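Structure below is coords_6.cif: mmCIF, C-alpha atoms.
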data_protein
#
loop_
_atom_site.label_atom_id
_atom_site.label_comp_id
_atom_site.auth_asym_id
_atom_site.auth_seq_id
_atom_site.Cartn_x
_atom_site.Cartn_y
_atom_site.Cartn_z
CA MET A 1415 -12.95 22.21 129.36
CA PHE A 1416 -12.11 19.14 131.44
CA VAL A 1417 -12.11 21.06 134.72
CA ALA A 1418 -15.23 23.02 133.70
CA LEU A 1419 -17.23 19.87 133.00
CA ARG A 1420 -16.01 18.21 136.21
CA ASP A 1421 -17.11 21.30 138.13
CA LEU A 1422 -20.58 21.10 136.60
CA ARG A 1423 -20.94 17.49 137.74
CA ALA A 1424 -19.43 18.06 141.18
CA ALA A 1425 -21.54 21.12 142.06
CA ARG A 1426 -24.87 20.08 140.53
CA GLY A 1427 -26.97 21.99 143.06
CA ARG A 1428 -25.24 25.33 142.55
CA PHE A 1429 -25.28 25.12 138.78
CA ALA A 1430 -28.87 23.87 138.74
CA LEU A 1431 -29.87 26.95 140.75
CA ILE A 1432 -28.18 29.43 138.41
CA THR A 1433 -29.56 27.53 135.40
CA LEU A 1434 -33.04 27.91 136.88
CA VAL A 1435 -32.47 31.65 137.33
CA VAL A 1436 -31.27 31.94 133.73
CA THR A 1437 -34.34 29.98 132.59
CA LEU A 1438 -36.69 32.36 134.41
CA VAL A 1439 -34.92 35.41 132.97
CA ALA A 1440 -35.11 33.87 129.47
CA VAL A 1441 -38.84 33.24 129.89
CA LEU A 1442 -39.40 36.83 131.02
CA VAL A 1443 -37.33 38.35 128.21
CA SER A 1444 -38.70 36.20 125.38
CA PHE A 1445 -42.30 36.46 126.57
CA LEU A 1446 -42.03 40.21 127.05
CA SER A 1447 -40.44 40.58 123.60
CA GLY A 1448 -43.27 38.60 122.01
CA LEU A 1449 -45.87 40.59 123.96
CA THR A 1450 -44.25 43.90 122.95
CA ALA A 1451 -44.31 42.89 119.28
CA GLY A 1452 -47.90 41.64 119.61
CA LEU A 1453 -49.13 44.85 121.21
CA ALA A 1454 -47.29 46.92 118.60
CA HIS A 1455 -48.93 44.86 115.83
CA GLN A 1456 -52.38 45.46 117.28
CA ASN A 1457 -51.60 49.15 117.54
CA VAL A 1458 -50.07 50.08 114.18
CA SER A 1459 -50.37 47.22 111.66
CA ALA A 1460 -53.04 48.97 109.59
CA VAL A 1461 -50.92 52.14 109.41
CA GLU A 1462 -47.83 50.17 108.42
CA SER A 1463 -49.75 48.59 105.53
CA LEU A 1464 -50.52 51.95 103.89
CA PRO A 1465 -48.97 52.50 100.44
CA GLY A 1466 -46.29 55.06 99.68
CA ASP A 1467 -43.35 56.22 101.76
CA THR A 1468 -44.76 59.37 103.36
CA VAL A 1469 -47.81 60.08 105.53
CA VAL A 1470 -49.33 63.58 105.37
CA PHE A 1471 -51.22 65.03 108.36
CA ALA A 1472 -53.10 68.25 108.77
CA ASP A 1473 -50.98 70.82 110.61
CA THR A 1474 -52.68 71.26 114.00
CA GLY A 1475 -49.81 73.19 115.59
CA GLY A 1476 -48.44 70.20 117.52
CA ALA A 1477 -47.01 66.80 116.78
CA PRO A 1478 -48.72 64.78 114.01
CA SER A 1479 -51.76 62.94 115.32
CA PHE A 1480 -54.28 60.67 113.66
CA ASP A 1481 -56.93 61.78 116.14
CA GLY A 1482 -56.35 65.48 115.44
CA SER A 1483 -55.77 65.39 111.68
CA MET A 1484 -58.58 66.38 109.29
CA LEU A 1485 -57.67 67.20 105.70
CA THR A 1486 -59.76 69.29 103.33
CA GLY A 1487 -60.34 68.75 99.63
CA GLU A 1488 -58.08 71.72 98.83
CA GLN A 1489 -55.18 70.21 100.77
CA ILE A 1490 -55.61 66.89 98.97
CA ALA A 1491 -55.66 68.67 95.59
CA THR A 1492 -52.45 70.54 96.45
CA TRP A 1493 -50.65 67.29 97.21
CA ARG A 1494 -52.01 65.55 94.12
CA ALA A 1495 -50.51 68.31 92.00
CA ALA A 1496 -47.09 67.88 93.64
CA ALA A 1497 -46.67 64.12 94.08
CA ARG A 1498 -46.84 61.06 91.86
CA GLY A 1499 -48.99 58.86 94.11
CA VAL A 1500 -51.50 60.28 96.60
CA THR A 1501 -53.96 58.03 98.44
CA PRO A 1502 -56.47 59.77 100.76
CA VAL A 1503 -57.25 57.62 103.80
CA GLY A 1504 -60.00 58.27 106.29
CA ILE A 1505 -59.63 56.87 109.82
CA ALA A 1506 -62.27 56.88 112.52
CA ARG A 1507 -63.66 54.67 115.26
CA GLY A 1508 -67.17 53.32 115.42
CA LYS A 1509 -69.38 50.45 116.49
CA ALA A 1510 -70.58 47.64 114.28
CA ASN A 1511 -73.11 44.84 114.59
CA GLY A 1512 -73.00 41.50 112.84
CA ASP A 1513 -75.90 39.13 112.31
CA GLY A 1514 -77.11 38.56 115.85
CA SER A 1515 -73.83 39.64 117.46
CA ALA A 1516 -73.33 42.23 120.19
CA PRO A 1517 -71.98 45.65 119.13
CA ALA A 1518 -68.20 45.65 118.71
CA GLN A 1519 -65.75 48.53 118.55
CA VAL A 1520 -64.02 48.75 115.15
CA ALA A 1521 -61.69 51.12 113.33
CA LEU A 1522 -63.14 52.44 110.09
CA PHE A 1523 -60.62 52.95 107.27
CA GLY A 1524 -61.91 54.59 104.11
CA THR A 1525 -59.94 54.51 100.86
CA ASP A 1526 -60.61 53.96 97.17
CA THR A 1527 -57.18 52.53 96.33
CA ALA A 1528 -56.22 48.84 96.27
CA PHE A 1529 -52.80 48.05 97.73
CA GLY A 1530 -51.01 44.95 98.91
CA ASN A 1531 -53.42 42.03 98.90
CA ARG A 1532 -56.31 44.32 99.76
CA PRO A 1533 -58.73 45.04 96.90
CA ALA A 1534 -60.70 48.25 96.66
CA THR A 1535 -64.25 47.98 97.96
CA ASP A 1536 -67.43 49.05 96.20
CA ALA A 1537 -69.99 51.48 97.59
CA GLY A 1538 -72.12 49.80 100.24
CA THR A 1539 -69.61 47.00 100.87
CA VAL A 1540 -66.87 46.52 103.45
CA LEU A 1541 -63.77 44.39 103.73
CA LEU A 1542 -63.28 42.99 107.23
CA SER A 1543 -59.99 42.17 108.88
CA THR A 1544 -59.86 38.74 110.49
CA GLY A 1545 -60.19 40.29 113.94
CA ALA A 1546 -63.27 42.29 112.96
CA ALA A 1547 -64.86 39.24 111.31
CA ALA A 1548 -64.30 37.21 114.49
CA ASP A 1549 -65.79 39.92 116.74
CA LEU A 1550 -68.81 40.44 114.48
CA GLY A 1551 -69.37 36.80 113.57
CA ALA A 1552 -69.47 37.86 109.91
CA ALA A 1553 -68.41 36.07 106.73
CA PRO A 1554 -68.16 37.04 103.05
CA GLY A 1555 -71.64 37.55 101.63
CA GLY A 1556 -73.09 38.46 105.02
CA SER A 1557 -73.92 41.90 106.30
CA VAL A 1558 -72.89 44.22 109.12
CA VAL A 1559 -74.48 47.38 110.44
CA ILE A 1560 -72.24 50.41 111.01
CA GLY A 1561 -73.65 53.75 112.11
CA GLY A 1562 -77.20 52.60 111.36
CA ARG A 1563 -76.31 51.59 107.77
CA ALA A 1564 -76.14 48.03 106.47
CA PHE A 1565 -73.05 47.00 104.52
CA VAL A 1566 -72.40 43.79 102.60
CA VAL A 1567 -69.19 41.96 103.55
CA SER A 1568 -67.21 41.59 100.32
CA ALA A 1569 -64.28 39.68 101.84
CA VAL A 1570 -62.38 38.87 105.03
CA ARG A 1571 -58.67 39.50 104.58
CA GLY A 1572 -55.62 40.63 106.54
CA ASP A 1573 -54.88 40.93 110.26
CA ASP A 1574 -55.18 44.73 110.37
CA TRP A 1575 -55.43 46.62 113.66
CA TYR A 1576 -55.47 50.25 114.65
CA SER A 1577 -55.02 51.32 118.27
CA HIS A 1578 -55.95 47.80 119.48
CA THR A 1579 -59.14 47.83 117.42
CA PRO A 1580 -59.80 45.55 114.42
CA VAL A 1581 -60.12 47.36 111.09
CA VAL A 1582 -63.06 47.56 108.68
CA TRP A 1583 -62.17 48.84 105.19
CA MET A 1584 -64.72 50.75 103.08
CA THR A 1585 -64.87 53.32 100.30
CA LEU A 1586 -63.81 56.87 101.12
CA ALA A 1587 -67.32 58.17 100.29
CA ASP A 1588 -68.92 55.72 102.72
CA TRP A 1589 -66.39 56.67 105.36
CA GLN A 1590 -67.10 60.37 104.85
CA ALA A 1591 -70.81 59.70 105.35
CA LEU A 1592 -70.13 57.87 108.64
CA ASN A 1593 -67.36 60.12 109.97
CA PRO A 1594 -68.77 62.46 112.66
CA ARG A 1595 -65.82 64.88 112.37
CA SER A 1596 -66.45 65.52 108.66
CA GLY A 1597 -63.41 66.26 106.51
CA ALA A 1598 -62.35 64.78 103.18
CA ALA A 1599 -59.74 62.43 104.72
CA THR A 1600 -57.65 61.93 107.83
CA VAL A 1601 -54.23 61.46 106.22
CA LEU A 1602 -52.63 60.99 102.81
CA ALA A 1603 -50.33 58.13 101.87
CA VAL A 1604 -47.91 59.75 99.42
CA SER A 1605 -45.08 58.60 97.18
CA GLY A 1606 -42.91 60.50 94.72
CA ALA A 1607 -43.08 63.96 96.32
CA THR A 1608 -40.22 66.11 95.02
CA ASP A 1609 -40.28 68.90 97.63
CA PRO A 1610 -42.43 67.88 100.63
CA GLU A 1611 -41.46 70.88 102.76
CA ALA A 1612 -42.62 73.35 100.11
CA VAL A 1613 -45.91 71.51 99.72
CA ASN A 1614 -46.36 71.44 103.49
CA ALA A 1615 -45.94 75.20 103.62
CA THR A 1616 -48.50 75.70 100.87
CA ALA A 1617 -51.06 73.14 102.06
CA HIS A 1618 -50.56 73.70 105.83
CA THR A 1619 -49.72 70.06 106.43
CA ARG A 1620 -47.01 68.01 108.12
CA THR A 1621 -45.29 64.87 106.87
CA THR A 1622 -43.53 61.84 108.34
CA ASP A 1623 -42.46 58.46 107.07
CA LEU A 1624 -44.41 55.26 107.79
CA SER A 1625 -42.15 54.42 110.71
CA GLY A 1626 -42.59 57.87 112.25
CA ALA A 1627 -46.36 57.66 111.77
CA ARG A 1628 -46.48 55.07 114.55
CA SER A 1629 -45.86 57.80 117.10
CA ALA A 1630 -48.92 59.65 115.81
CA ILE A 1631 -51.06 56.99 117.48
CA GLY A 1632 -51.59 58.21 121.03
CA SER A 1633 -50.94 54.98 122.94
CA TYR A 1634 -48.11 53.56 120.84
CA GLN A 1635 -45.14 55.58 122.04
CA ALA A 1636 -45.85 55.27 125.78
CA GLU A 1637 -46.82 51.60 125.55
CA ASN A 1638 -43.95 50.49 123.35
CA GLY A 1639 -41.41 52.64 125.19
CA SER A 1640 -42.37 51.20 128.58
CA LEU A 1641 -42.21 47.58 127.41
CA THR A 1642 -38.90 48.14 125.60
CA LEU A 1643 -37.42 49.70 128.74
CA MET A 1644 -38.55 46.70 130.80
CA THR A 1645 -36.91 44.34 128.31
CA ALA A 1646 -33.66 46.33 128.42
CA LEU A 1647 -33.67 46.21 132.23
CA LEU A 1648 -34.13 42.44 132.13
CA PHE A 1649 -31.12 42.15 129.83
CA ALA A 1650 -29.07 44.23 132.27
CA ILE A 1651 -30.28 42.15 135.22
CA SER A 1652 -29.33 38.92 133.46
CA ALA A 1653 -25.77 40.17 132.90
CA LEU A 1654 -25.48 41.25 136.55
CA VAL A 1655 -26.87 37.96 137.89
CA ILE A 1656 -24.55 35.82 135.76
CA GLY A 1657 -21.59 38.06 136.56
CA ALA A 1658 -22.29 37.95 140.31
CA PHE A 1659 -22.65 34.16 140.32
CA PHE A 1660 -19.42 33.51 138.48
CA THR A 1661 -17.57 36.13 140.52
CA VAL A 1662 -18.46 34.30 143.74
CA TRP A 1663 -17.79 30.94 142.14
CA THR A 1664 -14.36 32.08 140.87
CA ILE A 1665 -13.37 33.44 144.31
CA GLN A 1666 -14.38 30.15 145.95
CA ARG A 1667 -12.24 28.25 143.42
CA MET A 1668 -9.10 30.34 144.00
CA PRO A 1669 -7.16 27.47 145.63
CA ASP A 1670 -8.01 25.19 142.71
CA ILE A 1671 -7.06 27.92 140.22
CA ALA A 1672 -3.77 28.43 142.05
CA THR A 1673 -3.04 24.72 141.88
CA LEU A 1674 -3.71 24.66 138.15
CA LYS A 1675 -1.46 27.69 137.63
CA ALA A 1676 1.27 26.08 139.71
CA LEU A 1677 1.03 23.01 137.49
CA GLY A 1678 1.55 25.16 134.42
CA ALA A 1679 -1.95 26.11 133.29
CA THR A 1680 -1.96 29.42 131.44
CA SER A 1681 -4.40 32.23 132.18
CA GLY A 1682 -5.80 31.88 128.65
CA SER A 1683 -6.64 28.21 129.15
CA LEU A 1684 -8.33 28.96 132.48
CA VAL A 1685 -10.38 31.74 130.84
CA ARG A 1686 -11.51 29.40 128.08
CA ASP A 1687 -12.37 26.78 130.68
CA ALA A 1688 -14.51 29.22 132.70
CA LEU A 1689 -16.25 30.66 129.62
CA VAL A 1690 -17.17 27.16 128.43
CA GLN A 1691 -18.67 26.55 131.84
CA ALA A 1692 -20.68 29.80 131.65
CA ALA A 1693 -21.76 29.11 128.07
CA THR A 1694 -23.01 25.64 129.04
CA VAL A 1695 -25.11 27.03 131.88
CA LEU A 1696 -26.44 29.87 129.73
CA THR A 1697 -27.31 27.66 126.77
CA ALA A 1698 -29.12 25.11 128.93
CA GLY A 1699 -31.10 27.74 130.84
CA ILE A 1700 -31.99 29.88 127.82
CA ALA A 1701 -32.99 26.87 125.69
CA THR A 1702 -35.31 25.70 128.47
CA GLY A 1703 -36.76 29.19 128.88
CA LEU A 1704 -37.27 29.58 125.14
CA GLY A 1705 -39.04 26.23 124.93
CA THR A 1706 -41.30 27.28 127.80
CA THR A 1707 -42.21 30.52 126.01
CA VAL A 1708 -43.00 28.73 122.74
CA ALA A 1709 -45.21 26.22 124.56
CA ALA A 1710 -46.99 28.98 126.49
CA ALA A 1711 -47.61 30.96 123.28
CA ALA A 1712 -49.13 27.89 121.63
CA LEU A 1713 -51.42 27.28 124.61
CA LEU A 1714 -52.52 30.92 124.87
CA GLY A 1715 -53.41 31.18 121.16
CA ASP A 1716 -55.27 34.42 120.50
CA ALA A 1717 -56.01 35.08 124.18
CA VAL A 1718 -53.18 37.63 124.33
CA PRO A 1719 -51.51 39.63 121.54
CA PHE A 1720 -48.29 37.70 121.05
CA VAL A 1721 -45.91 37.49 118.09
CA LEU A 1722 -43.73 34.38 117.87
CA SER A 1723 -40.90 35.06 115.43
CA PRO A 1724 -37.09 34.92 115.26
CA ALA A 1725 -36.99 38.58 116.27
CA THR A 1726 -38.87 37.83 119.52
CA THR A 1727 -37.20 34.49 120.35
CA LEU A 1728 -33.80 33.85 118.74
CA LEU A 1729 -32.49 37.43 118.86
CA PRO A 1730 -33.28 37.94 122.59
CA SER A 1731 -31.78 34.51 123.33
CA LEU A 1732 -28.54 35.36 121.54
CA ALA A 1733 -28.44 38.71 123.32
CA LEU A 1734 -28.88 36.96 126.69
CA ILE A 1735 -26.03 34.55 125.92
CA LEU A 1736 -23.71 37.39 124.90
CA LEU A 1737 -24.61 39.51 127.92
CA GLY A 1738 -24.25 36.51 130.22
CA LEU A 1739 -20.79 35.74 128.82
CA LEU A 1740 -19.89 39.40 129.23
CA GLY A 1741 -20.93 39.26 132.88
CA ALA A 1742 -19.01 36.03 133.37
CA ALA A 1743 -15.94 37.48 131.66
CA PHE A 1744 -15.95 40.36 134.15
CA ALA A 1745 -15.57 37.80 136.95
CA LEU A 1746 -12.50 36.28 135.31
CA ARG A 1747 -10.21 39.18 136.20
CA PHE A 1748 -9.24 37.15 139.29
CA LEU A 1749 -7.67 34.55 136.99
CA PHE A 1750 -5.09 37.11 135.88
CA THR A 1751 -4.41 38.73 139.26
CA ALA A 1752 -4.16 35.58 141.37
CA ASP A 1753 -0.65 34.67 142.54
CA PRO A 1754 -0.29 30.88 142.65
CA LEU A 1755 2.09 30.85 145.63
CA THR A 1756 0.04 33.32 147.68
CA ALA A 1757 -3.23 31.52 146.92
CA LEU A 1758 -1.72 28.12 147.75
CA GLY A 1759 -0.24 29.39 150.98
CA ALA A 1760 -3.53 30.97 152.05
CA GLY A 1761 -5.57 27.90 151.20
CA ARG A 1762 -3.31 25.07 152.47
#
What is this file in C-alpha cells?
Amino acid sequence: MFVALRDLRAARGRFALITLVVTLVAVLVSFLSGLTAGLAHQNVSAVESLPGDTVVFADTGGAPSFDGSMLTGEQIATWRAAARGVTPVGIARGKANGDGSAPAQVALFGTDTAFGNRPATDAGTVLLSTGAAADLGAAPGGSVVIGGRAFVVSAVRGDDWYSHTPVVWMTLADWQALNPRSGAATVLAVSGATDPEAVNATAHTRTTDLSGARSAIGSYQAENGSLTLMTALLFAISALVIGAFFTVWTIQRMPDIATLKALGATSGSLVRDALVQAATVLTAGIATGLGTTVAAAALLGDAVPFVLSPATTLLPSLALILLGLLGAAFALRFLFTADPLTALGAGR
C-alpha cells in the first residue's frame, strides 16, 4: 500500500484523468439504470399491481397481448369455476378532461375488486392515479369527463401507469360502457388455479405470471431490452478502460517492480499493492459519479421518469468496482512474469 499511495501522489495527472473517466462511466451507468427502471415503472406498474399470481389472456393465436385480448362472459365463467380467485380487469385507452384542463391521454382500468391500497369504486366514480390527477388538474370531490360522460373523483391514490399513460380506475360496468372494442374484460387476474392448462384448452385462453405479463405490453420488451443492453455494454467498457489503463501503467512501472522484487517483495504483496491502487481510483470516481447522478435526479424531479433506489445506484456501483478490479487484475499478469534481473538490466 505504501508504494501504491506514493504513486497516486506522484502521478496526480494520470490518476486524475482515469478517475474522471471512471466518474463519467459511473454517471452514465447509474443514470441509465435509474432511467431504465423509471421507464419500466411507467410502462408496467399498473399491471404489476394486479392481484393473484396468474394473468389470463384471450387466445389470439400469437403471443399474449393486452391490445389483442378480449374475453367473453363465457370464458370468465369457465375460469371462475376452476380457480379460487378470479378478478376480471378491463384495459383500454381514452381521453379525459378535468375542470378547465386540456384533454389528456389516460389508461382506463375497470375492475370491481379492491386490492392493495386501492378501494373498489362505485358506479359513476373514478379513482385517479397521481399522474392522472396532475394531468387533469383534478382532486377528490371534483369531476372529470371521459368519453362524453362525467365521473366524480372518489380519490387520488397510487402512482399507476400503463404503457407510459397514467391510469384511471373505474367499475367494470363503466369500463364496458366506454370500451369501443366491447368484450366483458381484457384479462383476468387469477389465483388458486389447480390445472391452468386444462382450463386454457376449455376456455381458449392463454396464461402467464405477472412477470411474464410485462412482455404483453407492446413497447416494454423492446424498450427495456435496448436499455439493458446499453447498460451491459457500459459495464463491459468500464472493465476494458480500467484494464487498459492499469496494463499501460504496469508496463511503465516495470523497472520499479523489478527493483521491488530484487529487494525481496513477493508477487502477492505487489498484487495487493496494485489492487489497492485500483480500488482507490475506482471508489473515488464511482462515488463522485454516484453523487452527480443523485444530484441530477433531485434537480430533474418529475421531468423525466427516473427511479432512485439501491437497485439503480448501489448495485451498479458495486458492479462497476468489481468489474474495474477484474480489469485491473488482468493487467497484473506482468507482476508474475517479470524477471527482476532482466527488467533491471533493460531499464538501467
8 Å contact set for stretch 1447-1464 of chain A, all atoms listed in the file, chain neighbours under 6 positions out, as an MDAnalysis selection string | chainID A and resid 1529:1530 1573:1581 1603 1624:1625 1627:1628 1631 1633:1634 1638 1641:1642 1645 1718:1723 1726:1727 1730
Rounded to one decimal place, report the atom CA of A:Val1558-atom CA of A:Ala1598 distance in Å.
->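 So the answer is 23.9 Å.
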Go ahead and compute the interatomic distance for atom CA of A:Ala1743 and atom CA of A:Ile1432, in Å to one decimal.
->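 A separation of 16.1 Å between them.
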Target residues per the PyMOL selection byres ((chain A and resi 1700) around 12), formatted as a PyMOL selection string = chain A and resi 1432-1444+1652+1692-1699+1701-1707+1727-1736+1738
Axis-aligned box for all listed atoms of stretch 1592-1609 of chain A, 4 Å per side, centre and edges in Å to one decimal, as AutoDock Vina command-line options:
--center_x -55.2 --center_y 63.4 --center_z 103.7 --size_x 37.9 --size_y 19.0 --size_z 25.9
List the residues matched by the PyMOL selection byres ((chain A and resi 1613-1621) around 9) in the displayed structure as a list in words, ordered by chain and then by residue number.
->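 Here the PyMOL selection byres ((chain A and resi 1613-1621) around 9) matches Thr1468, Val1469, Val1470, Phe1471, Ala1472, Asp1473, Thr1474, Ala1477, Pro1478, Leu1485, Glu1488, Gln1489, Ile1490, Thr1492, Trp1493, Ala1496, Ala1607, Asp1609, Pro1610, Glu1611, Ala1612, Thr1622, Asp1623 and Ala1627 of chain A.
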Given the file shown, determine the residues that the PyMOL selection byres ((chain A and resi 1525) around 6) selects; report them as a PyMOL selection string.
-> chain A and resi 1503+1524+1526-1527+1585-1586
Among A:Ala1650, A:Ala1630, A:Thr1680, A:Leu1714, A:Leu1740 is approached most closely, using only C-alpha atoms, by A:Ala1650
